[in-house]
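Here is structure.txt, consisting of compact mmCIF, C-alpha atoms:
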# COMPACT_ATOMS: atom_id res chain seq x y z
CA HIS A 8 77.90 -27.72 19.49
CA SER A 9 77.48 -24.85 21.92
CA PHE A 10 74.62 -22.38 22.20
CA PRO A 11 75.42 -18.80 23.29
CA THR A 12 72.99 -17.07 25.62
CA ARG A 13 72.74 -13.77 27.50
CA ARG A 14 71.10 -13.78 30.91
CA SER A 15 68.60 -10.95 31.36
CA SER A 16 68.47 -10.42 35.13
CA ASP A 17 69.58 -11.88 38.46
CA LEU A 18 67.57 -12.69 41.57
CA SER A 19 67.72 -9.06 42.70
CA GLY A 20 65.97 -7.94 39.52
CA LYS A 21 69.04 -6.12 38.19
CA ASN A 22 69.79 -6.41 34.48
CA LEU A 23 72.93 -8.33 33.54
CA ASP A 24 75.37 -8.23 30.64
CA ASP A 25 77.25 -11.51 31.16
CA PHE A 26 77.40 -13.86 28.16
CA TRP A 27 77.63 -17.65 28.24
CA SER A 28 77.75 -20.69 25.99
CA PHE A 29 76.71 -24.25 26.82
CA SER A 30 78.43 -27.29 25.35
CA PHE A 31 76.05 -30.21 24.85
CA LYS A 32 79.03 -32.47 24.25
CA ASN A 33 80.67 -31.70 27.61
CA SER A 34 77.50 -30.60 29.50
CA GLN A 35 79.35 -27.51 30.66
CA TRP A 36 78.81 -23.75 30.73
CA LYS A 37 81.52 -21.29 29.70
CA GLU A 38 81.46 -17.53 30.12
CA LEU A 39 82.40 -15.68 26.94
CA ARG A 40 84.42 -12.56 27.62
CA PRO A 41 85.54 -9.91 25.10
CA LYS A 42 89.17 -10.14 24.04
CA SER A 43 89.77 -6.54 25.06
CA ASN A 44 88.42 -4.17 27.71
CA LYS A 45 87.92 -1.68 24.88
CA SER A 46 85.51 -4.00 23.04
CA THR A 47 82.00 -2.65 22.43
CA ILE A 48 79.29 -4.81 23.97
CA PRO A 49 75.50 -4.43 24.33
CA ALA A 50 74.16 -2.63 27.38
CA LYS A 51 72.50 -4.55 30.19
CA CYS A 52 69.06 -5.39 28.85
CA ILE A 53 66.07 -7.73 29.14
CA LYS A 54 63.71 -9.43 26.66
CA ALA A 55 65.77 -8.81 23.54
CA THR A 56 64.96 -10.81 20.39
CA THR A 57 67.67 -13.22 19.24
CA TRP A 58 68.50 -15.43 16.25
CA MET A 59 71.15 -18.15 15.90
CA HIS A 60 72.13 -17.99 12.23
CA PRO A 61 73.31 -21.16 10.39
CA SER A 62 76.64 -19.39 9.82
CA GLY A 63 77.20 -19.44 13.58
CA ILE A 64 76.61 -15.70 13.98
CA LEU A 65 74.25 -14.63 16.78
CA TYR A 66 71.94 -11.66 16.08
CA MET A 67 70.10 -9.62 18.70
CA PHE A 68 67.51 -6.87 18.36
CA GLY A 69 65.92 -4.47 20.82
CA GLY A 70 65.13 -5.21 24.42
CA SER A 71 64.74 -2.90 27.38
CA CYS A 72 67.95 -1.19 28.53
CA HIS A 73 68.17 1.30 31.39
CA GLY A 74 64.37 1.06 31.68
CA ARG A 75 63.83 2.21 28.08
CA LEU A 76 62.90 0.23 24.98
CA THR A 77 65.54 0.08 22.26
CA SER A 78 65.96 -0.88 18.61
CA TYR A 79 69.68 -1.63 18.88
CA PHE A 80 70.73 -4.34 16.45
CA TRP A 81 73.83 -6.44 17.15
CA SER A 82 75.70 -9.46 15.85
CA TYR A 83 78.13 -11.64 17.75
CA SER A 84 80.86 -13.76 16.16
CA PRO A 85 81.96 -16.82 18.19
CA GLY A 86 85.13 -16.91 16.08
CA THR A 87 86.36 -13.46 17.11
CA LEU A 88 84.46 -13.21 20.44
CA GLU A 89 83.41 -9.73 19.37
CA TRP A 90 80.09 -7.87 19.11
CA LYS A 91 79.23 -5.63 16.16
CA LYS A 92 76.55 -2.94 16.30
CA PHE A 93 74.51 -2.23 13.16
CA GLY A 94 72.49 0.68 14.51
CA GLY A 95 69.35 1.49 16.46
CA SER A 96 68.20 3.96 19.10
CA GLU A 97 66.40 4.29 22.41
CA GLY A 98 63.98 6.77 23.94
CA VAL A 99 61.04 8.58 22.36
CA PRO A 100 60.66 10.15 19.86
CA LYS A 101 63.54 8.16 18.34
CA CYS A 102 61.80 4.83 18.86
CA ALA A 103 59.30 4.96 15.99
CA GLY A 104 59.83 2.45 13.20
CA ARG A 105 60.22 3.35 9.55
CA PHE A 106 58.11 0.86 7.62
CA GLY A 107 58.46 2.06 4.05
CA GLN A 108 56.49 0.15 1.43
CA ARG A 109 55.23 -3.30 2.34
CA GLY A 110 57.28 -6.03 0.66
CA VAL A 111 60.03 -3.66 -0.49
CA ALA A 112 63.46 -3.80 1.14
CA SER A 113 65.32 -0.57 1.85
CA LYS A 114 68.26 0.57 3.93
CA GLY A 115 65.91 3.26 5.28
CA ASN A 116 63.50 0.71 6.79
CA TYR A 117 63.73 -0.49 10.37
CA PRO A 118 61.39 -1.79 13.09
CA GLY A 119 60.52 0.39 16.06
CA CYS A 120 61.94 -0.14 19.55
CA ARG A 121 60.47 -3.18 21.28
CA ASN A 122 60.97 -6.15 23.52
CA GLY A 123 59.48 -9.63 23.64
CA ALA A 124 59.15 -10.13 19.85
CA ALA A 125 58.96 -13.61 18.29
CA SER A 126 61.72 -14.69 15.89
CA TRP A 127 62.53 -17.25 13.18
CA ILE A 128 65.19 -17.99 10.53
CA ASP A 129 64.01 -19.22 7.12
CA GLN A 130 65.70 -21.68 4.74
CA CYS A 131 67.58 -18.83 3.05
CA GLY A 132 69.07 -17.54 6.30
CA ASN A 133 66.82 -14.46 6.53
CA LEU A 134 65.81 -13.23 9.99
CA TRP A 135 62.07 -12.84 10.72
CA MET A 136 60.42 -11.01 13.60
CA PHE A 137 56.82 -10.56 14.72
CA GLY A 138 55.21 -8.20 17.22
CA GLY A 139 56.39 -7.56 20.74
CA SER A 140 55.72 -4.60 22.99
CA GLY A 141 56.99 -1.31 21.63
CA TYR A 142 56.57 1.59 19.22
CA ASP A 143 54.85 1.62 15.84
CA ASN A 144 55.28 3.62 12.64
CA PHE A 145 53.52 6.65 14.12
CA SER A 146 55.26 7.02 17.49
CA VAL A 147 56.98 10.26 16.54
CA SER A 148 55.75 12.39 19.43
CA ALA A 149 57.79 12.96 22.56
CA PHE A 150 54.69 11.78 24.45
CA ALA A 151 54.29 8.52 22.51
CA MET A 152 53.59 5.42 24.58
CA PRO A 153 54.51 1.80 23.72
CA GLY A 154 51.83 -0.73 22.90
CA LEU A 155 51.43 -4.31 21.70
CA LEU A 156 52.51 -4.81 18.08
CA SER A 157 51.54 -7.14 15.25
CA ASP A 158 54.00 -6.04 12.57
CA PHE A 159 55.95 -8.70 10.66
CA TRP A 160 59.52 -8.09 9.46
CA MET A 161 62.30 -9.80 7.54
CA TYR A 162 66.01 -8.91 7.62
CA ASN A 163 68.39 -9.99 4.86
CA VAL A 164 71.82 -10.58 6.42
CA SER A 165 73.55 -10.22 3.02
CA SER A 166 72.09 -6.88 1.94
CA HIS A 167 71.64 -5.63 5.54
CA GLN A 168 68.12 -4.43 4.77
CA TRP A 169 64.84 -4.71 6.66
CA MET A 170 61.58 -5.39 4.86
CA TRP A 171 58.10 -4.88 6.31
CA MET A 172 56.39 -8.10 5.25
CA GLY A 173 52.92 -7.61 6.70
CA GLY A 174 50.89 -7.02 9.81
CA LEU A 175 49.82 -3.64 11.04
CA SER A 176 52.02 -0.56 11.08
CA ARG A 177 49.98 0.72 14.03
CA GLU A 178 50.00 -0.75 17.54
CA GLU A 179 47.05 -2.25 19.43
CA GLY A 180 45.42 -3.75 16.33
CA ARG A 181 42.91 -6.58 16.11
CA PRO A 182 43.56 -10.12 14.82
CA PHE A 183 41.73 -11.68 11.91
CA PHE A 184 41.41 -15.45 12.19
CA GLY A 185 39.55 -16.37 9.03
CA GLU A 186 38.71 -20.06 8.54
CA LYS A 187 40.79 -22.44 10.64
CA GLY A 188 43.38 -24.35 8.62
CA VAL A 189 42.86 -22.25 5.48
CA ALA A 190 45.53 -19.78 4.38
CA ASP A 191 44.30 -16.28 3.60
CA ALA A 192 46.20 -13.07 2.90
CA HIS A 193 43.82 -11.25 5.26
CA ASN A 194 44.68 -13.43 8.27
CA ILE A 195 46.80 -11.81 10.96
CA PRO A 196 47.70 -12.84 14.52
CA GLY A 197 46.77 -10.32 17.17
CA PRO A 198 49.27 -8.00 18.87
CA ARG A 199 51.32 -9.82 21.51
CA GLU A 200 54.60 -10.17 23.31
CA SER A 201 56.58 -13.13 24.70
CA ALA A 202 54.99 -15.64 22.31
CA MET A 203 56.55 -19.04 21.59
CA SER A 204 58.02 -19.36 18.10
CA PHE A 205 59.55 -22.35 16.32
CA SER A 206 60.23 -23.60 12.78
CA TYR A 207 59.41 -26.88 11.06
CA ASN A 208 60.59 -27.51 7.49
CA HIS A 209 59.72 -24.26 5.68
CA GLU A 210 57.01 -23.26 8.14
CA MET A 211 57.20 -20.68 10.92
CA TRP A 212 54.91 -21.34 13.87
CA LEU A 213 53.64 -18.93 16.53
CA PHE A 214 51.84 -19.88 19.74
CA GLY A 215 50.26 -17.82 22.48
CA GLY A 216 51.88 -14.98 24.34
CA ALA A 217 50.39 -12.03 26.22
CA GLY A 218 48.15 -9.95 23.99
CA HIS A 219 44.73 -9.20 22.50
CA ASP A 220 42.11 -11.63 21.27
CA ASP A 221 39.56 -10.92 18.52
CA LYS A 222 37.31 -9.09 21.00
CA GLN A 223 40.15 -6.87 22.20
CA PHE A 224 40.33 -8.52 25.61
CA ASP A 225 43.82 -8.66 27.14
CA GLY A 226 45.30 -11.81 28.59
CA LEU A 227 47.35 -14.94 27.94
CA LEU A 228 46.65 -16.44 24.52
CA ASN A 229 46.68 -20.02 23.22
CA ASP A 230 46.10 -19.48 19.50
CA LEU A 231 48.37 -21.34 17.08
CA TRP A 232 49.47 -19.83 13.75
CA MET A 233 51.60 -21.00 10.84
CA TYR A 234 53.34 -18.97 8.14
CA THR A 235 55.23 -20.41 5.21
CA THR A 236 57.51 -18.68 2.72
CA PHE A 237 56.23 -20.96 -0.03
CA THR A 238 53.36 -19.76 -2.22
CA ASN A 239 51.71 -23.20 -2.48
CA ILE A 240 50.51 -23.32 1.13
CA ILE A 241 49.17 -26.63 2.40
CA PRO A 242 46.49 -26.10 5.07
CA THR A 243 46.77 -27.83 8.43
CA GLN A 244 45.18 -31.28 8.28
CA GLY A 245 42.46 -32.35 10.70
CA THR A 246 39.60 -30.50 12.33
CA GLN A 247 40.65 -30.55 15.98
CA LEU A 248 43.75 -28.94 17.41
CA PRO A 249 44.92 -28.68 21.04
CA GLY A 250 42.94 -25.96 22.76
CA ASP A 251 39.94 -26.17 20.40
CA ARG A 252 36.54 -25.96 21.94

Please rewrite the model in this file as structure tokens.
Amino acid sequence: HSFPTRRSSDLSGKNLDDFWSFSFKNSQWKELRPKSNKSTIPAKCIKATTWMHPSGILYMFGGSCHGRLTSYFWSYSPGTLEWKKFGGSEGVPKCAGRFGQRGVASKGNYPGCRNGAASWIDQCGNLWMFGGSGYDNFSVSAFAMPGLLSDFWMYNVSSHQWMWMGGLSREEGRPFFGEKGVADAHNIPGPRESAMSFSYNHEMWLFGGAGHDDKQFDGLLNDLWMYTTFTNIIPTQGTQLPGDR
């Protein structure tokens, strides 16, 4: 199998738009080039959010292009070596999200411009995204400034619709930890960017990042969170976890 990747910048700090795949079988890199010079490709950007779908399609959202945050949403097909753009924008006041009603999918919903968001794919092939640094539901002014986000989204690749699943629709919020190891609908990780995200069985895990703690202090975080799409949530076993004091 090969894993496609886009490099974000070179040693000079300039953004790049080259695209590569790595073959674990052959231990070799291969640059993936469009079949035609007229092919549409994403702009040079950094810190975009990506998903590798079980179908083999690569999805990419947002990132910072030309020094501005974006909400551009792309897919890449290894079979055709072509990118496809679904939409998005850049630059205020176009960067505000449209959240709609929580838990209700709509073609009018979309996340705001951002970079550094965490991502997962669930067992049904839906794309999930949390937080990042960017614009919230209320960033409609030409003077709006980006902030750390804690909104939680799901994208259905079949219906091509975003759904706001939870978290705050406003930036710079505060986390609610609740009781450790006990699931609660009121729990919410704090706003952050560049967190580590991974999946295990039907669980989506989130660790650390740069963001706010429960006292609104900024810094590097080491909190560990788990979200499951099942309703019968099984709490984490044990009383001590790495990083506990």

As JSON, please: the centre and edge lengths in Å, to one decimal, of an axis-aligned box enclosing every listed atom of region 39-56 of chain A with 6 Å added on each side.
{"center_x": 76.7, "center_y": -8.7, "center_z": 25.3, "size_x": 38.1, "size_y": 26.0, "size_z": 21.8}

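The spacing separating CA of Gln108 (chain A) from CA of Asp158 (chain A) amounts to 13.0 Å.
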
Residues proximal to (62.5, 4.1, 22.4) were defined as those with any atom within 9 Å of that point in the file's coordinates, counting only C-alpha atoms. Which are they, as a PDB file with C-alpha atoms, in the coordinates of the input?
ATOM      1  CA  SER A  71      64.740  -2.900  27.380  1.00  0.00           C
ATOM      2  CA  ARG A  75      63.830   2.210  28.080  1.00  0.00           C
ATOM      3  CA  LEU A  76      62.900   0.230  24.980  1.00  0.00           C
ATOM      4  CA  THR A  77      65.540   0.080  22.260  1.00  0.00           C
ATOM      5  CA  SER A  78      65.960  -0.880  18.610  1.00  0.00           C
ATOM      6  CA  SER A  96      68.200   3.960  19.100  1.00  0.00           C
ATOM      7  CA  GLU A  97      66.400   4.290  22.410  1.00  0.00           C
ATOM      8  CA  GLY A  98      63.980   6.770  23.940  1.00  0.00           C
ATOM      9  CA  VAL A  99      61.040   8.580  22.360  1.00  0.00           C
ATOM     10  CA  PRO A 100      60.660  10.150  19.860  1.00  0.00           C
ATOM     11  CA  LYS A 101      63.540   8.160  18.340  1.00  0.00           C
ATOM     12  CA  CYS A 102      61.800   4.830  18.860  1.00  0.00           C
ATOM     13  CA  ALA A 103      59.300   4.960  15.990  1.00  0.00           C
ATOM     14  CA  GLY A 119      60.520   0.390  16.060  1.00  0.00           C
ATOM     15  CA  CYS A 120      61.940  -0.140  19.550  1.00  0.00           C
ATOM     16  CA  ARG A 121      60.470  -3.180  21.280  1.00  0.00           C
ATOM     17  CA  GLY A 141      56.990  -1.310  21.630  1.00  0.00           C
ATOM     18  CA  TYR A 142      56.570   1.590  19.220  1.00  0.00           C
ATOM     19  CA  PRO A 153      54.510   1.800  23.720  1.00  0.00           C
TER      20      PRO A 153
END

When you look at Asp143 (chain A) with a cut-off of 10 Å (counting all atoms listed in the file), what residues show up, excluding the ones that are within fewer than 3 positions of it in the same chain? I need them as a PDB file with C-alpha atoms, in the frame of the given file.
ATOM      1  CA  CYS A 102      61.800   4.830  18.860  1.00  0.00           C
ATOM      2  CA  ALA A 103      59.300   4.960  15.990  1.00  0.00           C
ATOM      3  CA  GLY A 104      59.830   2.450  13.200  1.00  0.00           C
ATOM      4  CA  ARG A 105      60.220   3.350   9.550  1.00  0.00           C
ATOM      5  CA  PHE A 106      58.110   0.860   7.620  1.00  0.00           C
ATOM      6  CA  PRO A 118      61.390  -1.790  13.090  1.00  0.00           C
ATOM      7  CA  GLY A 119      60.520   0.390  16.060  1.00  0.00           C
ATOM      8  CA  CYS A 120      61.940  -0.140  19.550  1.00  0.00           C
ATOM      9  CA  ARG A 121      60.470  -3.180  21.280  1.00  0.00           C
ATOM     10  CA  GLY A 138      55.210  -8.200  17.220  1.00  0.00           C
ATOM     11  CA  SER A 140      55.720  -4.600  22.990  1.00  0.00           C
ATOM     12  CA  SER A 146      55.260   7.020  17.490  1.00  0.00           C
ATOM     13  CA  VAL A 147      56.980  10.260  16.540  1.00  0.00           C
ATOM     14  CA  ALA A 151      54.290   8.520  22.510  1.00  0.00           C
ATOM     15  CA  MET A 152      53.590   5.420  24.580  1.00  0.00           C
ATOM     16  CA  PRO A 153      54.510   1.800  23.720  1.00  0.00           C
ATOM     17  CA  GLY A 154      51.830  -0.730  22.900  1.00  0.00           C
ATOM     18  CA  LEU A 155      51.430  -4.310  21.700  1.00  0.00           C
ATOM     19  CA  LEU A 156      52.510  -4.810  18.080  1.00  0.00           C
ATOM     20  CA  SER A 157      51.540  -7.140  15.250  1.00  0.00           C
ATOM     21  CA  ASP A 158      54.000  -6.040  12.570  1.00  0.00           C
ATOM     22  CA  LEU A 175      49.820  -3.640  11.040  1.00  0.00           C
ATOM     23  CA  SER A 176      52.020  -0.560  11.080  1.00  0.00           C
ATOM     24  CA  ARG A 177      49.980   0.720  14.030  1.00  0.00           C
ATOM     25  CA  GLU A 178      50.000  -0.750  17.540  1.00  0.00           C
ATOM     26  CA  GLU A 179      47.050  -2.250  19.430  1.00  0.00           C
TER      27      GLU A 179
END

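When only C-alpha atoms are used to measure the gap to Gly69 (chain A), the shortest distance among A:Asn122, A:Asn194, A:Asn144, A:Asn44 belongs to A:Asn122.
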
*In Å, rounded to a single decimal, give me how far CA of Gly173 (chain A) is from CA of Asp220 (chain A).*
18.6 Å

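Between CA of Trp58 (chain A) and CA of Met233 (chain A) there is a distance of 18.6 Å.
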
*Shortest interatomic distance to Gln168 (chain A) - which of A:Trp212, A:Trp135, A:Tyr234, A:Phe29, counting only C-alpha atoms*: A:Trp135
